[in-house]
Amino acid sequence: MRIATYNVNGVNGRLQVLLRWLALTEPDIVCLQELKAPDDRFPEAAINAAGYQAIWHGQKSWNGVAILARCGKPIERRRGLPGDPEDVHSRYLEAEIGELIVGCLYLPNGNPWPGPKFEYKLRWFERLTAHAKTLIGSGSPVVLAGDYNVMPTELDVYKPERWVDDALFRIEAREAYARLLKQGWTDAIRARHPGARIYTFWDYFRNAYARNAGLRIDHLLLSPDLAKRLKAAGVDGDVRGWEKTSDHAPTWIELGPAPKRSPRKTAVKKARKKTAAKR
DNA sequence: ATGGCTGTTATAAACAGA
């Protein structure tokens with residue numbers, strides 16, 4: 001099973017690129033960010049025609065997230081994070097898809113630092129972390145996928161020294177990311193490619209893609225049982241070179257099948273067999 | 001340090017993104 005996250009930077013402006021990528025890579029589940037469209041402008045018909053059912057949380061001009069699935073319509077569990085009824089940004093959507101819980105998120109950019117936007121980013125991060133704790137505590141298989149707007153380490157930036165006072169790389173943001181992971185989440189790309197320079201975003205300016213002046217800010221975090229099923233992870237970097245493309249590239253994981261029985265049940269069965277053999 | 005580019009829309013002497 002392939003699960004991908006893709007910040008499309010305008011779902012309507014990006015529709016042809018999105019459809020081309022869906023047809024090419026056939027992910028089973030897709031988290032989209034930066035729809036930049038209100039609910040009634042989501043291109044549902046085109047997405048359905050491509051073989052996907054979707055739920056979405058739109059917003060005029062900015063933000064907006066969606067979850068697509070090929071294996072039935074995602075069952076919505078939540079839109080928006082708990083903890084701030086004043087927050088009207090469309091940045092979080094959560095669904096049940098088969099045995100999985102999928103959280104699709106678009107963490108605030110936070111620039112410029114310092115300032116109210118950065119404070120909002122940190123508050124939003126805390127709300128995400130609080131919610132993630134309840135998710136991981138439930139013991140369910142969960143993936144939290146999206147644009148986190150954080151480069152976790154120096155390995156995740158083409159030129160770290162230029163970014164130290166940027167909201168995407170400020171120490172407060174990196175520490176918030178580390179605190180989230182400490183709950184027990186696995187950063188899938190980093191787990192499969194320790195030490196590798198992997199980017200998911202290249203600025204539209206300064207020929208950044210050609211120079212590979214990139215950032216790794218799109219992440220898929222896996223709950224412990226899903227981490228055990230992680231077979232592969234990568235970035236569809238070529239998509240960033242297409243015409244009319246997003247500044248982000250699709251980022252994905254490949255999961256093995258769910259174990260048929262829980263380890264507890266298997267242990268019980270083995271014990272029974274042993275007992276039976278003794279008789 | 002600044003500005004470079006892109007999508008959206010209040011079509012700009014606009015904003016936000018990263």
# chains A, B, ... in the order shown; residues from 1 in each chain; ligands from 1
$ closest_atom_pairs --of "chain B" --to "chain A" --cutoff "8 Å" --atoms "only C-alpha atoms (C1' of nucleotides)" --output "Markdown table"
| residue | atom | partner | partner_atom | distance |
| --- | --- | --- | --- | --- |
| B:DG4 | C1' | A:Phe205 | CA | 5.0 |
| B:DC5 | C1' | A:Tyr204 | CA | 5.0 |
| B:DT6 | C1' | A:Tyr204 | CA | 7.4 |
| B:DG7 | C1' | A:Gly10 | CA | 6.3 |
| B:DT8 | C1' | A:Ser61 | CA | 5.2 |
| B:DT9 | C1' | A:Ser61 | CA | 7.4 |
| B:DA16 | C1' | A:Trp62 | CA | 7.9 |
| B:DG17 | C1' | A:Asn109 | CA | 7.8 |
| B:DA18 | C1' | A:Asn109 | CA | 7.1 |
$ write_last_selection --atoms "N, CA and C atoms (P, O5', C5', C4', C3', O3' and C1' of nucleotides)" --output "tab-separated table (two decimals), in the first residue's frame"
chain	number	residue	atom	x	y	z
B	4	DG	P	13.06	41.28	-8.48
B	4	DG	O5'	13.00	39.79	-9.01
B	4	DG	C5'	14.13	39.18	-9.62
B	4	DG	C4'	14.21	37.72	-9.22
B	4	DG	C3'	12.92	36.95	-9.44
B	4	DG	O3'	12.88	36.42	-10.76
B	4	DG	C1'	13.80	36.50	-7.28
B	5	DC	P	11.51	36.43	-11.52
B	5	DC	O5'	10.74	35.20	-10.84
B	5	DC	C5'	11.30	33.91	-10.89
B	5	DC	C4'	10.30	32.90	-10.33
B	5	DC	C3'	8.96	32.88	-11.08
B	5	DC	O3'	8.58	31.53	-11.28
B	5	DC	C1'	8.60	33.29	-8.77
B	6	DT	P	7.35	31.17	-12.24
B	6	DT	O5'	6.16	31.03	-11.20
B	6	DT	C5'	6.08	29.86	-10.39
B	6	DT	C4'	4.81	29.90	-9.58
B	6	DT	C3'	3.54	30.17	-10.40
B	6	DT	O3'	2.74	29.01	-10.32
B	6	DT	C1'	3.62	31.47	-8.40
B	7	DG	P	1.31	28.98	-11.07
B	7	DG	O5'	0.31	29.31	-9.87
B	7	DG	C5'	0.25	28.43	-8.77
B	7	DG	C4'	-0.82	28.91	-7.80
B	7	DG	C3'	-2.16	29.22	-8.47
B	7	DG	O3'	-3.19	28.65	-7.69
B	7	DG	C1'	-1.36	31.12	-7.29
B	8	DT	P	-4.72	28.74	-8.22
B	8	DT	O5'	-5.34	29.93	-7.37
B	8	DT	C5'	-5.37	29.81	-5.96
B	8	DT	C4'	-5.72	31.14	-5.35
B	8	DT	C3'	-7.00	31.77	-5.91
B	8	DT	O3'	-7.95	31.96	-4.88
B	8	DT	C1'	-5.24	33.36	-5.76
B	9	DT	P	-9.48	32.32	-5.29
B	9	DT	O5'	-9.52	33.92	-5.27
B	9	DT	C5'	-9.39	34.60	-4.04
B	9	DT	C4'	-9.04	36.05	-4.27
B	9	DT	C3'	-10.19	36.90	-4.84
B	9	DT	O3'	-10.17	38.12	-4.13
B	9	DT	C1'	-8.26	37.17	-6.16
B	16	DA	P	-0.75	38.59	4.27
B	16	DA	O5'	-0.30	37.14	3.82
B	16	DA	C5'	-1.28	36.19	3.44
B	16	DA	C4'	-0.59	35.01	2.82
B	16	DA	C3'	0.63	34.53	3.61
B	16	DA	O3'	0.41	33.18	3.97
B	16	DA	C1'	1.13	34.75	1.29
B	17	DG	P	1.41	32.36	4.89
B	17	DG	O5'	2.18	31.57	3.76
B	17	DG	C5'	1.47	30.74	2.85
B	17	DG	C4'	2.37	30.35	1.73
B	17	DG	C3'	3.69	29.69	2.16
B	17	DG	O3'	3.80	28.44	1.54
B	17	DG	C1'	4.05	31.31	0.49
B	18	DA	P	4.34	27.15	2.41
B	18	DA	O5'	5.91	27.32	2.22
B	18	DA	C5'	6.47	27.06	0.96
B	18	DA	C4'	7.94	27.44	0.97
B	18	DA	C3'	8.76	26.86	2.11
B	18	DA	O3'	10.01	26.46	1.62
B	18	DA	C1'	9.01	29.19	2.09
$ residues_around --residues "Glu99 (chain A)" --least-positions-apart "6" --cutoff "10 Å" --atoms "only C-alpha atoms (C1' of nucleotides)" --output "VMD selection string"
chain A and resid 140 to 142 258
$ closest_residue --among "A:Ala178, A:Ile189, A:Leu128, A:Leu222" --to "Asp84 (chain A)" --atoms "only C-alpha atoms"
A:Leu128
$ select_by_dssp --residues "region 94-257 of chain A" --states "alpha helix (DSSP H)" --output "PyMOL selection string"
chain A and resi 116-137+171-181+188-192+208-211+224-228
$ write_last_selection --atoms "N, CA and C atoms" --output "compact mmCIF listing (two decimals), in the first residue's frame"
# COMPACT_ATOMS: atom_id res chain seq x y z
N PRO A 116 3.78 37.53 15.37
CA PRO A 116 2.55 36.78 15.67
C PRO A 116 2.38 35.52 14.82
N LYS A 117 2.86 35.56 13.58
CA LYS A 117 2.71 34.36 12.74
C LYS A 117 3.56 33.21 13.26
N PHE A 118 4.73 33.54 13.77
CA PHE A 118 5.59 32.50 14.34
C PHE A 118 4.98 31.95 15.63
N GLU A 119 4.40 32.85 16.43
CA GLU A 119 3.72 32.41 17.66
C GLU A 119 2.56 31.48 17.32
N TYR A 120 1.82 31.82 16.28
CA TYR A 120 0.71 30.97 15.83
C TYR A 120 1.23 29.59 15.41
N LYS A 121 2.36 29.58 14.70
CA LYS A 121 2.94 28.31 14.28
C LYS A 121 3.24 27.42 15.49
N LEU A 122 3.89 28.01 16.51
CA LEU A 122 4.25 27.22 17.69
C LEU A 122 3.01 26.74 18.44
N ARG A 123 2.01 27.59 18.55
CA ARG A 123 0.77 27.18 19.22
C ARG A 123 0.10 26.05 18.46
N TRP A 124 0.06 26.18 17.14
CA TRP A 124 -0.56 25.13 16.30
C TRP A 124 0.21 23.82 16.46
N PHE A 125 1.53 23.93 16.52
CA PHE A 125 2.39 22.76 16.69
C PHE A 125 2.06 22.05 18.02
N GLU A 126 1.87 22.86 19.08
CA GLU A 126 1.53 22.29 20.39
C GLU A 126 0.19 21.57 20.35
N ARG A 127 -0.77 22.17 19.65
CA ARG A 127 -2.08 21.52 19.52
C ARG A 127 -1.95 20.21 18.75
N LEU A 128 -1.15 20.23 17.69
CA LEU A 128 -0.93 18.99 16.92
C LEU A 128 -0.30 17.92 17.81
N THR A 129 0.69 18.32 18.59
CA THR A 129 1.40 17.37 19.44
C THR A 129 0.48 16.78 20.51
N ALA A 130 -0.39 17.62 21.06
CA ALA A 130 -1.36 17.12 22.05
C ALA A 130 -2.31 16.11 21.41
N HIS A 131 -2.79 16.42 20.20
CA HIS A 131 -3.69 15.50 19.52
C HIS A 131 -2.97 14.22 19.11
N ALA A 132 -1.73 14.35 18.67
CA ALA A 132 -0.93 13.19 18.26
C ALA A 132 -0.74 12.23 19.43
N LYS A 133 -0.63 12.80 20.62
CA LYS A 133 -0.45 11.96 21.81
C LYS A 133 -1.66 11.06 22.03
N THR A 134 -2.85 11.61 21.85
CA THR A 134 -4.05 10.78 22.01
C THR A 134 -4.13 9.73 20.90
N LEU A 135 -3.69 10.11 19.69
CA LEU A 135 -3.73 9.15 18.58
C LEU A 135 -2.77 7.98 18.83
N ILE A 136 -1.55 8.30 19.21
CA ILE A 136 -0.56 7.23 19.41
C ILE A 136 -0.92 6.41 20.64
N GLY A 137 -1.58 7.05 21.61
CA GLY A 137 -2.01 6.35 22.81
C GLY A 137 -3.15 5.37 22.56
N ILE A 171 15.12 27.20 15.93
CA ILE A 171 15.34 26.11 16.89
C ILE A 171 14.04 25.71 17.59
N GLU A 172 13.16 26.71 17.85
CA GLU A 172 11.88 26.40 18.51
C GLU A 172 11.04 25.43 17.68
N ALA A 173 11.07 25.62 16.36
CA ALA A 173 10.30 24.75 15.47
C ALA A 173 10.91 23.35 15.40
N ARG A 174 12.24 23.31 15.32
CA ARG A 174 12.92 22.01 15.28
C ARG A 174 12.71 21.24 16.58
N GLU A 175 12.74 21.97 17.69
CA GLU A 175 12.53 21.31 18.98
C GLU A 175 11.09 20.80 19.11
N ALA A 176 10.16 21.56 18.58
CA ALA A 176 8.77 21.11 18.61
C ALA A 176 8.60 19.82 17.81
N TYR A 177 9.28 19.76 16.65
CA TYR A 177 9.24 18.55 15.83
C TYR A 177 9.85 17.36 16.58
N ALA A 178 10.98 17.62 17.24
CA ALA A 178 11.66 16.55 18.01
C ALA A 178 10.77 16.06 19.16
N ARG A 179 10.07 16.98 19.81
CA ARG A 179 9.17 16.59 20.91
C ARG A 179 8.04 15.70 20.39
N LEU A 180 7.51 16.05 19.20
CA LEU A 180 6.46 15.23 18.60
C LEU A 180 6.98 13.82 18.33
N LEU A 181 8.15 13.72 17.70
CA LEU A 181 8.71 12.40 17.39
C LEU A 181 8.96 11.57 18.64
N ALA A 188 9.31 8.63 8.36
CA ALA A 188 9.51 7.51 7.43
C ALA A 188 10.67 7.73 6.46
N ILE A 189 10.75 8.92 5.87
CA ILE A 189 11.83 9.18 4.91
C ILE A 189 13.19 9.04 5.59
N ARG A 190 13.33 9.64 6.77
CA ARG A 190 14.62 9.60 7.46
C ARG A 190 14.95 8.19 7.94
N ALA A 191 13.92 7.44 8.34
CA ALA A 191 14.15 6.07 8.81
C ALA A 191 14.68 5.18 7.68
N ARG A 192 14.15 5.40 6.48
CA ARG A 192 14.58 4.56 5.35
C ARG A 192 15.86 5.07 4.70
N ALA A 208 16.19 27.21 -8.11
CA ALA A 208 16.49 26.37 -6.95
C ALA A 208 16.47 24.87 -7.28
N TYR A 209 15.52 24.46 -8.11
CA TYR A 209 15.41 23.02 -8.42
C TYR A 209 16.63 22.55 -9.21
N ALA A 210 17.03 23.31 -10.20
CA ALA A 210 18.20 22.94 -11.01
C ALA A 210 19.46 22.89 -10.16
N ARG A 211 19.54 23.77 -9.15
CA ARG A 211 20.72 23.77 -8.28
C ARG A 211 20.59 22.78 -7.12
N PRO A 224 4.04 3.23 15.87
CA PRO A 224 5.01 2.14 15.98
C PRO A 224 4.66 0.90 15.16
N ASP A 225 3.40 0.49 15.15
CA ASP A 225 3.05 -0.72 14.40
C ASP A 225 3.15 -0.49 12.89
N LEU A 226 2.87 0.72 12.44
CA LEU A 226 3.02 1.02 11.01
C LEU A 226 4.49 1.11 10.63
N ALA A 227 5.31 1.61 11.54
CA ALA A 227 6.75 1.72 11.26
C ALA A 227 7.34 0.34 10.97
N LYS A 228 6.82 -0.67 11.65
CA LYS A 228 7.28 -2.05 11.41
C LYS A 228 6.93 -2.52 10.00
$ atom_distance --atom1 "CA of Ile97 (chain A)" --atom2 "CA of Pro74 (chain A)"
5.2 Å
$ atom_distance --atom1 "CA of Leu32 (chain A)" --atom2 "C1' of DG3 (chain B)"
29.3 Å
$ atom_distance --atom1 "CA of Asp40 (chain A)" --atom2 "CA of Leu18 (chain A)"
18.5 Å
$ residues_around --residues "Glu44 (chain A)" --least-positions-apart "2" --cutoff "12 Å" --atoms "only C-alpha atoms (C1' of nucleotides)" --output "list in words"
Val11, Asn12, Leu15, Leu19, Asp39, Asp40, Arg41, Phe42, Ala46, Ile47, Asn48, Ala49, Ala50, Gly51, Tyr52, Gln53, Ala54, Ile55, Trp56, Ala66, Ile67 and Leu68 of chain A
$ select_by_dssp --residues "region 140-179 of chain A" --states "strand (DSSP E or B)" --output "number ranges by chain"
A: 142-147, 157
$ write_last_selection --atoms "N, CA and C atoms" --output "mmCIF file, in the first residue's frame"
data_model
loop_
_atom_site.group_PDB
_atom_site.id
_atom_site.type_symbol
_atom_site.label_atom_id
_atom_site.label_comp_id
_atom_site.auth_asym_id
_atom_site.auth_seq_id
_atom_site.Cartn_x
_atom_site.Cartn_y
_atom_site.Cartn_z
ATOM 1 N N VAL A 142 -1.596 4.621 12.730
ATOM 2 C CA VAL A 142 -1.821 6.015 12.323
ATOM 3 C C VAL A 142 -0.680 6.525 11.470
ATOM 4 N N VAL A 143 -1.027 7.275 10.419
ATOM 5 C CA VAL A 143 -0.027 8.048 9.693
ATOM 6 C C VAL A 143 -0.427 9.516 9.743
ATOM 7 N N LEU A 144 0.539 10.353 10.123
ATOM 8 C CA LEU A 144 0.348 11.802 10.143
ATOM 9 C C LEU A 144 1.197 12.377 9.015
ATOM 10 N N ALA A 145 0.532 12.749 7.925
ATOM 11 C CA ALA A 145 1.255 13.132 6.711
ATOM 12 C C ALA A 145 0.930 14.557 6.320
ATOM 13 N N GLY A 146 1.945 15.266 5.850
ATOM 14 C CA GLY A 146 1.676 16.608 5.375
ATOM 15 C C GLY A 146 2.893 17.494 5.276
ATOM 16 N N ASP A 147 2.581 18.770 5.088
ATOM 17 C CA ASP A 147 3.601 19.809 5.014
ATOM 18 C C ASP A 147 3.777 20.368 6.425
ATOM 19 N N VAL A 157 18.453 20.770 4.894
ATOM 20 C CA VAL A 157 18.515 22.099 4.273
ATOM 21 C C VAL A 157 19.767 22.205 3.424
#
